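**Q** Following this line is data01.cif, made up of mmCIF, C-alpha atoms and all ligand atoms:
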data_protein
#
loop_
_atom_site.label_atom_id
_atom_site.label_comp_id
_atom_site.auth_asym_id
_atom_site.auth_seq_id
_atom_site.Cartn_x
_atom_site.Cartn_y
_atom_site.Cartn_z
CA MET V 25 1.34 157.41 47.93
CA THR V 26 4.86 158.50 49.00
CA THR V 27 7.53 159.58 46.51
CA ARG V 28 11.26 158.89 46.86
CA PRO V 29 13.32 162.17 46.92
CA ARG V 30 15.11 162.66 43.60
CA ARG V 31 18.90 162.45 43.54
CA ASP V 32 20.59 165.66 42.44
CA PRO V 33 23.21 164.59 39.81
CA HIS V 34 25.05 167.95 40.15
CA ALA V 35 25.40 167.59 43.90
CA GLU V 36 27.04 164.15 43.38
CA ARG V 37 29.48 165.61 40.85
CA ALA V 38 30.39 168.34 43.39
CA ARG V 39 31.46 165.58 45.84
CA THR V 40 33.87 163.99 43.32
CA VAL V 41 37.56 164.58 44.07
CA LEU V 42 40.86 163.55 42.48
CA GLY V 43 42.65 160.71 44.30
CA PRO V 44 46.45 160.48 44.80
CA SER V 45 46.78 158.50 41.55
CA GLY V 46 44.97 161.23 39.56
CA ARG V 47 41.81 159.14 39.14
CA LYS V 48 38.45 160.55 40.17
CA ARG V 49 37.04 159.29 43.50
CA ARG V 50 33.48 159.84 44.63
CA LEU V 51 33.15 160.80 48.32
CA PRO V 52 30.40 159.06 50.28
CA PRO V 53 27.31 161.10 51.06
CA GLY V 54 27.02 162.77 54.46
CA PRO V 55 29.73 163.98 56.81
CA VAL V 56 33.20 162.52 56.08
CA ARG V 57 34.56 160.12 58.77
CA PRO V 58 38.29 160.63 59.50
CA ARG V 59 40.38 157.67 58.36
CA LYS V 60 41.81 155.36 61.08
CA ASP V 61 45.62 155.23 61.27
CA PRO V 62 46.40 151.48 60.98
CA HIS V 63 49.81 152.03 62.69
CA ALA V 64 48.41 153.75 65.77
CA PRO V 65 47.75 150.58 67.88
CA ARG V 66 51.36 149.41 67.42
CA ALA V 67 52.80 152.91 68.08
CA HIS V 68 50.97 153.00 71.42
CA ALA V 69 51.62 149.39 72.38
CA MET V 70 52.49 148.82 76.02
CA PRO V 71 54.03 145.83 77.83
CA GLY V 72 51.39 143.72 79.56
CA PRO V 73 51.81 141.98 82.94
CA SER V 74 53.51 139.02 81.24
CA GLY V 75 56.06 141.35 79.60
CA ARG V 76 54.57 140.80 76.09
CA LEU V 77 53.61 143.89 74.04
CA ARG V 78 49.85 144.54 74.00
CA LEU V 79 48.44 146.56 71.10
CA ASP V 80 46.24 149.53 72.07
CA PRO V 81 43.24 149.42 69.67
CA HIS V 82 42.37 152.97 70.70
CA GLY V 83 45.62 154.36 69.33
CA GLY V 84 46.75 155.64 72.73
CA GLU V 85 43.53 157.64 73.23
CA LEU V 86 42.69 155.78 76.44
CA VAL V 87 46.07 156.55 77.94
CA HIS V 88 45.91 160.20 76.94
CA LEU V 89 42.23 160.86 77.69
CA HIS V 90 41.82 158.90 80.89
CA GLY V 91 45.36 159.17 82.25
CA ILE V 92 45.87 155.37 82.47
CA ALA V 93 49.54 154.86 83.30
CA PRO V 94 51.52 152.35 81.19
CA ALA V 95 52.15 149.04 83.01
CA PRO V 96 55.45 149.13 84.96
CA ALA V 97 58.37 147.21 83.44
CA ALA V 98 58.81 143.64 84.79
CA ALA V 99 60.55 143.69 88.19
CA ALA V 100 64.23 142.68 88.21
CA GLU V 101 64.70 138.94 88.96
CA GLN V 102 65.58 138.32 92.60
CA PRO V 103 68.14 135.60 93.39
CA LEU V 104 67.05 132.61 95.45
CA VAL V 105 68.66 132.95 98.89
CA VAL V 106 69.32 130.04 101.26
CA SER V 107 69.91 132.01 104.44
CA ALA V 108 70.03 129.35 107.18
CA PRO V 109 71.16 126.06 105.60
CA SER V 110 71.44 122.99 107.81
CA CYS V 111 74.86 122.26 106.26
CA LEU V 112 77.19 123.19 103.40
CA VAL V 113 78.08 120.93 100.48
CA LEU V 114 81.43 122.06 99.10
CA ALA V 115 82.11 121.53 95.37
CA VAL V 116 85.79 121.96 94.46
CA LEU V 117 85.81 122.83 90.77
CA ASP V 118 88.53 121.59 88.38
CA LEU V 119 88.36 124.46 85.88
CA PRO V 120 91.07 123.00 83.60
CA GLY V 121 92.70 125.86 81.67
CA GLY V 122 90.45 128.27 83.62
CA ARG V 123 87.32 127.03 81.78
CA LEU V 124 84.08 125.85 83.33
CA GLU V 125 83.97 122.41 81.70
CA PRO V 126 81.00 119.98 81.54
CA ALA V 127 82.49 117.96 84.44
CA ASP V 128 82.44 121.08 86.63
CA LEU V 129 78.82 121.77 85.71
CA GLY V 130 77.99 118.14 86.48
CA LEU V 131 79.73 118.47 89.85
CA LEU V 132 77.68 121.58 90.67
CA ALA V 133 74.46 119.81 89.65
CA ALA V 134 75.33 116.84 91.88
CA ALA V 135 76.23 119.18 94.78
CA ARG V 136 72.92 121.01 94.30
CA ASP V 137 71.01 117.74 94.38
CA LEU V 138 72.74 116.58 97.58
CA ALA V 139 72.38 120.00 99.25
CA ASP V 140 68.63 120.05 98.48
CA ARG V 141 68.21 116.58 99.97
CA LEU V 142 70.00 117.72 103.15
CA ASP V 143 68.32 121.16 103.35
CA GLY V 144 71.76 122.60 102.85
CA ALA V 145 73.51 125.11 100.62
CA VAL V 146 76.07 124.69 97.84
CA LEU V 147 79.46 126.29 98.43
CA ALA V 148 81.62 126.40 95.28
CA LEU V 149 85.39 126.69 95.56
CA THR V 150 87.45 128.03 92.66
CA LEU V 151 91.21 128.03 93.25
CA HIS V 152 92.32 130.42 90.53
CA GLY V 153 89.92 133.38 90.44
CA ARG V 154 86.21 134.19 90.41
CA HIS V 155 83.65 132.79 87.93
CA ASP V 156 80.06 133.74 87.35
CA LEU V 157 78.24 130.88 89.09
CA ALA V 158 74.95 132.57 90.01
CA ARG V 159 73.02 130.46 87.49
CA GLN V 160 74.91 127.25 88.23
CA GLY V 161 73.12 126.24 91.43
CA VAL V 162 75.59 128.01 93.76
CA ASP V 163 74.59 129.69 97.06
CA ARG V 164 78.09 130.64 98.31
CA HIS V 165 81.31 131.10 96.37
CA ALA V 166 84.84 131.09 97.78
CA ALA V 167 87.19 132.35 95.05
CA LEU V 168 90.88 131.94 95.86
CA GLU V 169 93.81 133.29 93.86
CA LEU V 170 96.42 130.52 93.90
CA ASP V 171 99.42 130.60 91.59
CA PRO V 172 98.34 129.04 88.25
CA ALA V 173 101.30 126.60 88.24
CA TRP V 174 100.32 123.01 89.08
CA ASN V 175 101.03 122.78 92.81
CA PRO V 176 98.98 120.07 94.54
CA ASP V 177 100.44 120.89 97.99
CA ALA V 178 99.29 124.52 97.74
CA ALA V 179 95.85 123.34 96.54
CA THR V 180 95.53 120.89 99.47
CA ALA V 181 96.53 123.59 101.98
CA ALA V 182 93.98 126.01 100.47
CA ILE V 183 91.13 123.47 100.46
CA SER V 184 91.99 122.54 104.07
CA ALA V 185 91.78 126.25 105.02
CA VAL V 186 88.31 126.49 103.45
CA ILE V 187 87.16 123.37 105.33
CA GLU V 188 88.53 124.71 108.63
CA ARG V 189 86.80 128.06 108.17
CA LEU V 190 83.41 126.90 106.81
CA ALA V 191 83.09 123.30 108.06
CA PRO V 192 81.19 121.77 105.08
CA ARG V 193 79.52 118.42 105.75
CA HIS V 194 80.64 116.96 102.40
CA VAL V 195 83.40 117.91 99.97
CA LEU V 196 82.78 116.87 96.35
CA PHE V 197 85.41 116.48 93.61
CA THR V 198 85.36 115.21 90.04
CA ASP V 199 87.20 111.97 89.29
CA HIS V 200 89.75 113.74 87.04
CA PRO V 201 93.03 111.91 87.72
CA LEU V 202 95.22 115.06 87.88
CA LEU V 203 92.67 117.47 89.34
CA GLY V 204 89.62 116.37 91.38
CA ALA V 205 90.70 112.80 92.20
CA ASP V 206 94.29 113.80 92.99
CA ARG V 207 93.18 116.68 95.24
CA ALA V 208 90.63 114.50 97.03
CA ARG V 209 93.25 111.82 97.85
CA ARG V 210 95.75 114.38 99.11
CA LEU V 211 93.04 116.05 101.21
CA ALA V 212 91.96 112.71 102.70
CA VAL V 213 95.58 111.97 103.72
CA ALA V 214 96.20 115.49 105.07
CA SER V 215 92.93 115.76 107.01
CA GLY V 216 92.40 112.15 108.06
CA LEU V 217 88.77 112.40 106.88
CA ALA V 218 87.07 109.35 105.37
CA ALA V 219 86.77 109.34 101.60
CA ALA V 220 84.95 107.42 98.86
CA PHE V 221 86.18 107.43 95.26
CA ALA V 222 84.44 106.97 91.90
CA VAL V 223 81.01 107.29 93.51
CA HIS V 224 78.35 106.50 90.90
CA ARG V 225 75.22 106.57 93.06
CA LEU V 226 74.52 109.03 95.82
CA ASP V 227 71.68 110.19 98.01
CA GLU V 228 71.21 111.36 101.61
CA SER V 229 71.22 107.78 102.94
CA GLY V 230 74.42 106.49 101.35
CA LEU V 231 76.50 105.81 98.27
CA ARG V 232 77.74 103.24 95.81
CA ALA V 233 81.30 103.48 94.52
CA ARG V 234 83.40 101.59 91.96
CA GLY V 235 86.31 99.72 93.43
CA GLY V 236 88.47 97.11 91.68
CA GLY V 237 85.65 95.52 89.67
CA ILE V 238 83.15 95.44 92.56
CA ASP V 239 80.65 97.95 93.89
CA LEU V 240 81.31 99.35 97.36
CA VAL V 241 78.21 100.35 99.32
CA GLY V 242 78.42 102.57 102.38
CA PRO V 243 77.33 105.68 104.24
CA LEU V 244 78.04 109.16 102.88
CA ALA V 245 81.72 109.94 103.48
CA PRO V 246 82.89 113.53 104.08
CA ILE V 247 85.12 113.45 100.96
CA LEU V 248 83.69 112.15 97.69
CA THR V 249 84.92 111.96 94.12
CA LEU V 250 82.12 111.52 91.60
CA HIS V 251 82.31 109.09 88.69
CA ASP V 252 81.50 110.55 85.23
CA ILE V 253 78.10 108.81 85.40
CA LEU V 254 77.12 111.22 88.18
CA LEU V 255 78.40 114.26 86.29
CA ALA V 256 76.00 114.07 83.35
CA ASP V 257 73.38 116.48 84.75
CA ARG V 258 73.53 120.27 84.53
CA PRO V 259 72.38 122.77 87.19
CA ASP V 260 69.03 124.42 86.44
CA ALA V 261 69.29 128.09 85.47
CA THR V 262 67.61 129.49 88.62
CA LEU V 263 69.33 132.70 89.71
CA ARG V 264 70.97 132.08 93.08
CA GLU V 265 72.93 134.24 95.45
CA ALA V 266 76.48 132.88 94.84
CA ARG V 267 77.42 135.04 97.84
CA PRO V 268 81.19 135.70 97.95
CA VAL V 269 82.85 134.12 100.99
CA GLN V 270 86.22 135.38 102.15
CA VAL V 271 88.84 132.83 103.20
CA ASP V 272 92.35 133.82 104.29
CA LEU V 273 94.95 131.62 102.68
CA PRO V 274 97.77 130.03 104.65
CA PRO V 275 101.31 130.74 103.37
CA ALA V 276 102.18 128.51 100.39
CA PRO V 277 103.95 125.34 101.60
CA ALA V 278 107.67 125.40 100.87
CA GLY V 279 109.37 122.75 98.71
CA GLY V 280 107.25 119.88 97.45
CA ILE V 281 106.38 119.52 93.78
CA GLU V 282 107.75 121.97 91.22
CA ASP V 283 105.77 122.54 88.00
CA LEU V 284 108.21 122.39 85.07
CA GLY V 285 105.46 122.94 82.48
CA GLU V 286 103.88 120.55 80.03
CA ILE V 287 105.89 118.18 77.83
CA PRO V 288 104.49 116.61 74.67
CA VAL V 289 103.51 112.95 75.11
CA ASP V 290 102.13 110.41 72.67
CA LEU V 291 98.43 110.09 73.51
CA THR V 292 97.48 107.56 70.84
CA GLY V 293 97.58 104.67 73.35
CA ALA V 294 96.36 106.65 76.41
CA PRO V 295 93.41 105.31 78.43
CA LEU V 296 90.23 106.04 76.48
CA SER V 297 88.30 107.19 79.56
CA GLU V 298 90.78 110.06 80.05
CA ALA V 299 91.10 111.12 76.40
CA ASP V 300 90.30 114.65 75.24
CA LEU V 301 90.31 113.66 71.57
CA VAL V 302 89.39 110.19 70.32
CA VAL V 303 90.08 109.09 66.74
CA SER V 304 87.90 106.05 66.22
CA ALA V 305 87.58 103.46 63.46
CA GLY V 306 84.76 101.18 62.38
CA ASP V 307 84.26 98.58 59.70
CA GLY V 308 84.34 101.29 57.02
CA VAL V 309 88.08 101.77 57.57
CA ARG V 310 90.31 99.77 55.21
CA ASP V 311 93.48 101.87 55.11
CA TRP V 312 94.79 101.19 58.62
CA LEU V 313 98.23 102.73 58.02
CA CYS V 314 96.54 105.98 57.09
CA PHE V 315 94.18 105.78 60.12
CA HIS V 316 97.09 105.39 62.57
CA ASP V 317 99.06 108.11 60.79
CA LEU V 318 96.12 110.52 61.19
CA ALA V 319 95.72 109.63 64.89
CA ARG V 320 99.44 110.43 65.38
CA GLN V 321 99.16 113.72 63.48
CA LEU V 322 96.24 114.76 65.69
CA ASN V 323 97.82 113.22 68.81
CA GLY V 324 94.39 111.73 69.44
CA THR V 325 93.66 108.56 71.41
CA VAL V 326 92.80 105.58 69.20
CA GLY V 327 89.40 103.93 69.63
CA GLY V 328 87.19 101.64 67.61
CA SER V 329 83.93 99.77 67.30
CA ARG V 330 83.43 96.28 68.65
CA GLN V 331 83.39 94.98 65.10
CA VAL V 332 87.00 95.99 64.45
CA CYS V 333 88.14 94.74 67.89
CA ASP V 334 86.38 91.40 67.26
CA ARG V 335 88.29 91.08 63.99
CA GLY V 336 91.60 91.78 65.73
CA LEU V 337 92.22 95.04 63.86
CA LEU V 338 92.49 96.94 67.17
CA PRO V 339 93.19 95.56 70.68
CA ARG V 340 90.18 94.98 72.94
CA ASP V 341 91.10 97.85 75.28
CA ARG V 342 90.40 100.23 72.35
CA GLN V 343 86.72 99.29 72.14
CA VAL V 344 84.32 102.19 72.66
CA GLY V 345 80.77 101.43 73.75
CA ALA V 346 78.45 99.85 76.24
CA SER V 347 80.59 96.72 76.54
CA GLY V 348 83.86 98.63 76.03
CA THR V 349 84.84 102.03 77.45
CA LEU V 350 82.47 104.96 77.96
CA VAL V 351 84.32 108.00 76.63
CA ALA V 352 83.74 111.72 77.25
CA PRO V 353 86.28 113.60 75.12
CA LYS V 354 85.95 117.15 73.80
CA ALA V 355 85.89 115.69 70.28
CA TYR V 356 85.15 112.21 68.90
CA LEU V 357 86.12 111.50 65.28
CA ALA V 358 84.27 108.47 63.93
CA PHE V 359 85.53 106.99 60.66
CA GLY V 360 83.29 104.37 59.05
CA ILE V 361 81.26 103.61 62.21
CA SER V 362 77.56 102.91 61.70
CA GLY V 363 76.42 104.13 65.13
CA ALA V 364 74.86 101.00 66.62
CA PRO V 365 73.00 101.68 69.91
CA GLN V 366 75.75 99.97 71.96
CA HIS V 367 78.36 102.22 70.35
CA LEU V 368 76.29 105.39 70.77
CA GLN V 369 75.88 104.62 74.48
CA GLY V 370 79.64 104.82 74.80
CA ILE V 371 79.87 108.30 73.27
CA GLU V 372 76.87 109.85 75.01
CA HIS V 373 79.00 112.37 76.90
CA CYS V 374 81.24 113.48 74.02
CA GLN V 375 81.12 117.23 73.55
CA ARG V 376 81.51 117.19 69.76
CA VAL V 377 81.17 114.30 67.33
CA VAL V 378 82.49 114.33 63.77
CA ALA V 379 81.36 111.44 61.58
CA VAL V 380 82.78 110.30 58.25
CA ASN V 381 80.55 107.75 56.54
CA THR V 382 79.48 106.92 53.00
CA ASP V 383 75.91 106.31 54.19
CA LEU V 384 73.95 109.54 54.65
CA HIS V 385 71.39 107.65 56.74
CA ALA V 386 73.85 106.09 59.20
CA LYS V 387 72.90 106.66 62.87
CA MET V 388 76.39 108.06 63.50
CA ILE V 389 75.74 110.79 60.90
CA GLU V 390 72.49 111.58 62.74
CA ARG V 391 74.36 111.82 66.05
CA ALA V 392 77.23 113.94 64.67
CA ASP V 393 77.67 117.67 65.09
CA LEU V 394 79.63 117.67 61.84
CA ALA V 395 79.03 115.00 59.21
CA ILE V 396 81.15 114.24 56.16
CA VAL V 397 79.39 111.91 53.74
CA ALA V 398 82.42 110.51 51.94
CA ASP V 399 84.83 107.59 51.76
CA ALA V 400 86.98 107.44 54.92
CA GLN V 401 89.90 106.31 52.73
CA ALA V 402 89.75 109.70 50.95
CA VAL V 403 89.10 111.91 53.99
CA MET V 404 91.81 110.47 56.27
CA PRO V 405 94.83 111.17 53.99
CA ALA V 406 93.44 114.59 53.05
CA LEU V 407 93.18 115.53 56.73
CA ALA V 408 96.65 114.18 57.51
CA ALA V 409 98.13 116.13 54.58
CA LEU V 410 96.41 119.32 55.77
CA LEU V 411 97.81 118.87 59.28
CA ARG V 412 101.34 118.27 57.91
CA GLU V 413 101.04 121.36 55.72
CA ARG V 414 99.94 123.50 58.67
CA ARG V 415 102.75 122.16 60.86
CA HIS V 416 105.53 122.66 58.32
CA GLY V 417 104.54 125.99 57.01
C1 LIG Z 1 75.56 92.81 73.68
C2 LIG Z 1 76.24 93.64 72.65
C3 LIG Z 1 77.16 94.57 73.04
C4 LIG Z 1 77.79 95.37 72.10
N1 LIG Z 1 78.69 96.31 72.52
C5 LIG Z 1 79.29 97.10 71.59
C6 LIG Z 1 80.22 98.09 72.00
O1 LIG Z 1 80.53 98.26 73.17
N2 LIG Z 1 80.78 98.85 71.03
C7 LIG Z 1 80.47 98.71 69.70
O2 LIG Z 1 81.01 99.46 68.88
N3 LIG Z 1 79.62 97.77 69.32
C8 LIG Z 1 79.04 96.94 70.22
N4 LIG Z 1 78.19 95.96 69.79
C9 LIG Z 1 78.08 95.70 68.34
C10 LIG Z 1 77.20 96.66 67.61
O3 LIG Z 1 75.88 96.22 67.67
C11 LIG Z 1 77.61 96.81 66.12
O4 LIG Z 1 77.62 95.55 65.55
C12 LIG Z 1 78.98 97.44 65.92
O5 LIG Z 1 79.09 98.63 66.66
C13 LIG Z 1 79.15 97.75 64.43
O6 LIG Z 1 80.43 98.21 64.20
P1 LIG Z 1 80.76 99.14 62.94
O7 LIG Z 1 79.92 100.37 63.01
O8 LIG Z 1 82.23 99.31 62.92
O9 LIG Z 1 80.39 98.21 61.71
P2 LIG Z 1 79.12 98.23 60.66
O10 LIG Z 1 77.88 98.16 61.44
O11 LIG Z 1 79.46 97.17 59.72
O12 LIG Z 1 79.22 99.66 60.01
C14 LIG Z 1 80.22 100.10 59.13
C15 LIG Z 1 79.88 101.51 58.71
O13 LIG Z 1 80.90 101.99 57.85
C16 LIG Z 1 80.32 102.66 56.75
N5 LIG Z 1 81.24 102.56 55.63
C17 LIG Z 1 81.45 101.51 54.82
N6 LIG Z 1 82.42 101.80 53.94
C18 LIG Z 1 82.83 103.04 54.22
C19 LIG Z 1 83.82 103.89 53.67
N7 LIG Z 1 84.58 103.50 52.65
N8 LIG Z 1 83.97 105.12 54.19
C20 LIG Z 1 83.21 105.54 55.22
N9 LIG Z 1 82.26 104.78 55.78
C21 LIG Z 1 82.07 103.55 55.29
C22 LIG Z 1 79.00 101.98 56.52
O14 LIG Z 1 78.12 102.86 55.88
C23 LIG Z 1 78.58 101.65 57.95
O15 LIG Z 1 77.81 102.71 58.49
C24 LIG Z 1 77.51 95.18 70.73
C25 LIG Z 1 76.58 94.25 70.33
C26 LIG Z 1 75.97 93.48 71.27
C27 LIG Z 1 74.93 92.47 70.83
#
Represent the structure from my file as structure tokens, please.
Ligand SMILES: Cc1cc2nc3c(=O)[nH]c(=O)nc-3n(C[C@H](O)[C@H](O)[C@H](O)COP(=O)(O)OP(=O)(O)OC[C@H]3O[C@@H](n4cnc5c(N)ncnc54)[C@H](O)[C@@H]3O)c2cc1C

**A**
Amino acid sequence: MTTRPRRDPHAERARTVLGPSGRKRRLPPGPVRPRKDPHAPRAHAMPGPSGRLRLDPHGGELVHLHGIAPAPAAAAEQPLVVSAPSCLVLAVLDLPGGRLEPADLGLLAAARDLADRLDGAVLALTLHGRHDLARQGVDRHAALELDPAWNPDAATAAISAVIERLAPRHVLFTDHPLLGADRARRLAVASGLAAAFAVHRLDESGLRARGGGIDLVGPLAPILTLHDILLADRPDATLREARPVQVDLPPAPAGGIEDLGEIPVDLTGAPLSEADLVVSAGDGVRDWLCFHDLARQLNGTVGGSRQVCDRGLLPRDRQVGASGTLVAPKAYLAFGISGAPQHLQGIEHCQRVVAVNTDLHAKMIERADLAIVADAQAVMPALAALLRERRHG
């Protein structure tokens, strides 16, 4: 018969120590294992091949003991280079006020699409200084330094110089009446090249353009202005070369148009398709005097829903929507408009939408960047009073 060895109670007492809190702790029998540092794996973490941090469960021991080198940092991103394009597609940017606006981005996206179809490269032209276009689908960038004053003759001469030097197959403009469309028409006259305006469908085989209520179908012309419908896309963010291209400018043409600066004009009745700020009314507007007063204070272009046009409260040419005018202002102020699908189609390309509606669940509130759930009859005079106060002191 075997006997179990007796436990020595004194030996156990000898292994009792005081813990940090002052309470007695009994150490386990046998040799004491060193405690693991729970922070060690994180302290020795290294970036993995994907760039994400990988914890080292061995607390850096593997690196130190076996000399394993930490993974190298991710290599710097290399730009995509189109070295031998079959042709150049030139995009002449508007850059109103020196800013890269959505229409310019749309133009670059359309130029990229056409260039890819033709195995070509995108050449961007900026008339008043350089912009960072490497992530805007641009392979080459000609940055000119024209005088900032509005001088269409100087712009035409400069664009002609770029065409002469680089011989692009197509030159793309926006349909902006004072910028892209105006420059394109002047260039067509000066160069004698064929042009198509308000192009709303485009591929390597041909185009469709708006013209006096009918669609014109034809081959790709050298000069094209693109309708807003074609400017809705944005270039993907691939890093491209945007290689600077030097172009010597001809001397500025003498005489011609002189820029006398901007003069204030009443924009309340301006064409909706060209408006930068639209103040729009729906069936929730009752105080029409106040609505028109606010539109004047803001110098915004008046618009409205079909409902209010049907009821004769606004003329038909003020209707925004699928069966009215498609608008693309920087800001769209919607007072008492429910946001029916046909109306929302018309404001798809607005940069910012502010909605005032008593119904929290209205589709327009859902669409808005800023929503005010309140009576339009209270918000409109408050806004107008605030504007007056700001203006007069
Ligand atoms: C073929 C077809 C084409 C159409 N095309 C267009 C088009 O191009 N454009 C267009 O707009 N519509 C169009 N419509 C009509 C569309 O479907 C809607 O009927 C219309 O847009 C509704 O207009 P509304 O939002 O002004 O009116 P309602 O739908 O009556 O909405 C009024 C809104 O005002 C809010 N409201 C009420 N009182 C107040 C208050 N005191 N303060 C603040 N908010 C208040 C309500 O909560 C509501 O959301 C089309 C319809 C068809 C069938």

**Q** List all protein, DNA and RNA residues that have an atom no more than 10 Å from any atom of ligand LIG 1 (chain Z), counting only C-alpha atoms and all ligand atoms, and report them as an MDAnalysis selection string.

**A** chainID V and resid 304:311 327:334 342:350 358:371 379:389 396:404

**Q** Output C-alpha atoms for every residue in the selection just made, as a compact mmCIF listing (two decimals), in the frame of the given file.

**A**
# COMPACT_ATOMS: atom_id res chain seq x y z
CA SER V 304 87.90 106.05 66.22
CA ALA V 305 87.58 103.46 63.46
CA GLY V 306 84.76 101.18 62.38
CA ASP V 307 84.26 98.58 59.70
CA GLY V 308 84.34 101.29 57.02
CA VAL V 309 88.08 101.77 57.57
CA ARG V 310 90.31 99.77 55.21
CA ASP V 311 93.48 101.87 55.11
CA GLY V 327 89.40 103.93 69.63
CA GLY V 328 87.19 101.64 67.61
CA SER V 329 83.93 99.77 67.30
CA ARG V 330 83.43 96.28 68.65
CA GLN V 331 83.39 94.98 65.10
CA VAL V 332 87.00 95.99 64.45
CA CYS V 333 88.14 94.74 67.89
CA ASP V 334 86.38 91.40 67.26
CA ARG V 342 90.40 100.23 72.35
CA GLN V 343 86.72 99.29 72.14
CA VAL V 344 84.32 102.19 72.66
CA GLY V 345 80.77 101.43 73.75
CA ALA V 346 78.45 99.85 76.24
CA SER V 347 80.59 96.72 76.54
CA GLY V 348 83.86 98.63 76.03
CA THR V 349 84.84 102.03 77.45
CA LEU V 350 82.47 104.96 77.96
CA ALA V 358 84.27 108.47 63.93
CA PHE V 359 85.53 106.99 60.66
CA GLY V 360 83.29 104.37 59.05
CA ILE V 361 81.26 103.61 62.21
CA SER V 362 77.56 102.91 61.70
CA GLY V 363 76.42 104.13 65.13
CA ALA V 364 74.86 101.00 66.62
CA PRO V 365 73.00 101.68 69.91
CA GLN V 366 75.75 99.97 71.96
CA HIS V 367 78.36 102.22 70.35
CA LEU V 368 76.29 105.39 70.77
CA GLN V 369 75.88 104.62 74.48
CA GLY V 370 79.64 104.82 74.80
CA ILE V 371 79.87 108.30 73.27
CA ALA V 379 81.36 111.44 61.58
CA VAL V 380 82.78 110.30 58.25
CA ASN V 381 80.55 107.75 56.54
CA THR V 382 79.48 106.92 53.00
CA ASP V 383 75.91 106.31 54.19
CA LEU V 384 73.95 109.54 54.65
CA HIS V 385 71.39 107.65 56.74
CA ALA V 386 73.85 106.09 59.20
CA LYS V 387 72.90 106.66 62.87
CA MET V 388 76.39 108.06 63.50
CA ILE V 389 75.74 110.79 60.90
CA ILE V 396 81.15 114.24 56.16
CA VAL V 397 79.39 111.91 53.74
CA ALA V 398 82.42 110.51 51.94
CA ASP V 399 84.83 107.59 51.76
CA ALA V 400 86.98 107.44 54.92
CA GLN V 401 89.90 106.31 52.73
CA ALA V 402 89.75 109.70 50.95
CA VAL V 403 89.10 111.91 53.99
CA MET V 404 91.81 110.47 56.27

**Q** Quick one: residues within 7 Å of Val116 in chain V, only C-alpha atoms counted, chain neighbours fewer than 6 positions away excluded, as an mmCIF file with C-alpha atoms, keeping the file's coordinate frame?

**A**
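Final file, selection.cif:
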data_model
loop_
_atom_site.group_PDB
_atom_site.id
_atom_site.type_symbol
_atom_site.label_atom_id
_atom_site.label_comp_id
_atom_site.auth_asym_id
_atom_site.auth_seq_id
_atom_site.Cartn_x
_atom_site.Cartn_y
_atom_site.Cartn_z
ATOM 1 C CA ALA V 148 81.620 126.400 95.280
ATOM 2 C CA LEU V 149 85.390 126.690 95.560
ATOM 3 C CA THR V 150 87.450 128.030 92.660
ATOM 4 C CA LEU V 196 82.780 116.870 96.350
ATOM 5 C CA PHE V 197 85.410 116.480 93.610
#

**Q** Distance CA of Leu190 in chain V-CA of His224 in chain V, one decimal place?

**A** 26.4 Å

**Q** How many Å separate CA of Ala178 in chain V from CA of Leu244 in chain V?

**A** 26.7 Å

**Q** Write out as a VMD selection string each polymer residue whose atoms come within 10 Å of Arg267 in chain V, counting only C-alpha atoms; drop sequence neighbours fewer than 5 positions from it.

**A** chain V and resid 105 147 to 148 157 to 158 162 to 166

**Q** Counting all atoms listed in the file, which residues come within 12 Å of (70.9, 114.8, 98.4), with the point read in the file's coordinates, and could you list them as a list in words?

**A**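 Residues found, by chain and rising number: Cys111, Leu112, Val113, Ala133, Ala134, Ala135, Arg136, Asp137, Leu138, Ala139, Asp140, Arg141, Leu142, Asp143, Gly144, Ala145, Val146, Arg193, His194, Arg225, Leu226, Asp227, Glu228, Ser229, Gly230, Leu231 and Leu244 of chain V.
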
**Q** Okay, now the selection with C-alpha atoms, as a compact mmCIF listing (two decimals), in the frame of the given file?

**A**
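Produced file result-v9.txt, reproduced below:
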# COMPACT_ATOMS: atom_id res chain seq x y z
CA CYS V 111 74.86 122.26 106.26
CA LEU V 112 77.19 123.19 103.40
CA VAL V 113 78.08 120.93 100.48
CA ALA V 133 74.46 119.81 89.65
CA ALA V 134 75.33 116.84 91.88
CA ALA V 135 76.23 119.18 94.78
CA ARG V 136 72.92 121.01 94.30
CA ASP V 137 71.01 117.74 94.38
CA LEU V 138 72.74 116.58 97.58
CA ALA V 139 72.38 120.00 99.25
CA ASP V 140 68.63 120.05 98.48
CA ARG V 141 68.21 116.58 99.97
CA LEU V 142 70.00 117.72 103.15
CA ASP V 143 68.32 121.16 103.35
CA GLY V 144 71.76 122.60 102.85
CA ALA V 145 73.51 125.11 100.62
CA VAL V 146 76.07 124.69 97.84
CA ARG V 193 79.52 118.42 105.75
CA HIS V 194 80.64 116.96 102.40
CA ARG V 225 75.22 106.57 93.06
CA LEU V 226 74.52 109.03 95.82
CA ASP V 227 71.68 110.19 98.01
CA GLU V 228 71.21 111.36 101.61
CA SER V 229 71.22 107.78 102.94
CA GLY V 230 74.42 106.49 101.35
CA LEU V 231 76.50 105.81 98.27
CA LEU V 244 78.04 109.16 102.88
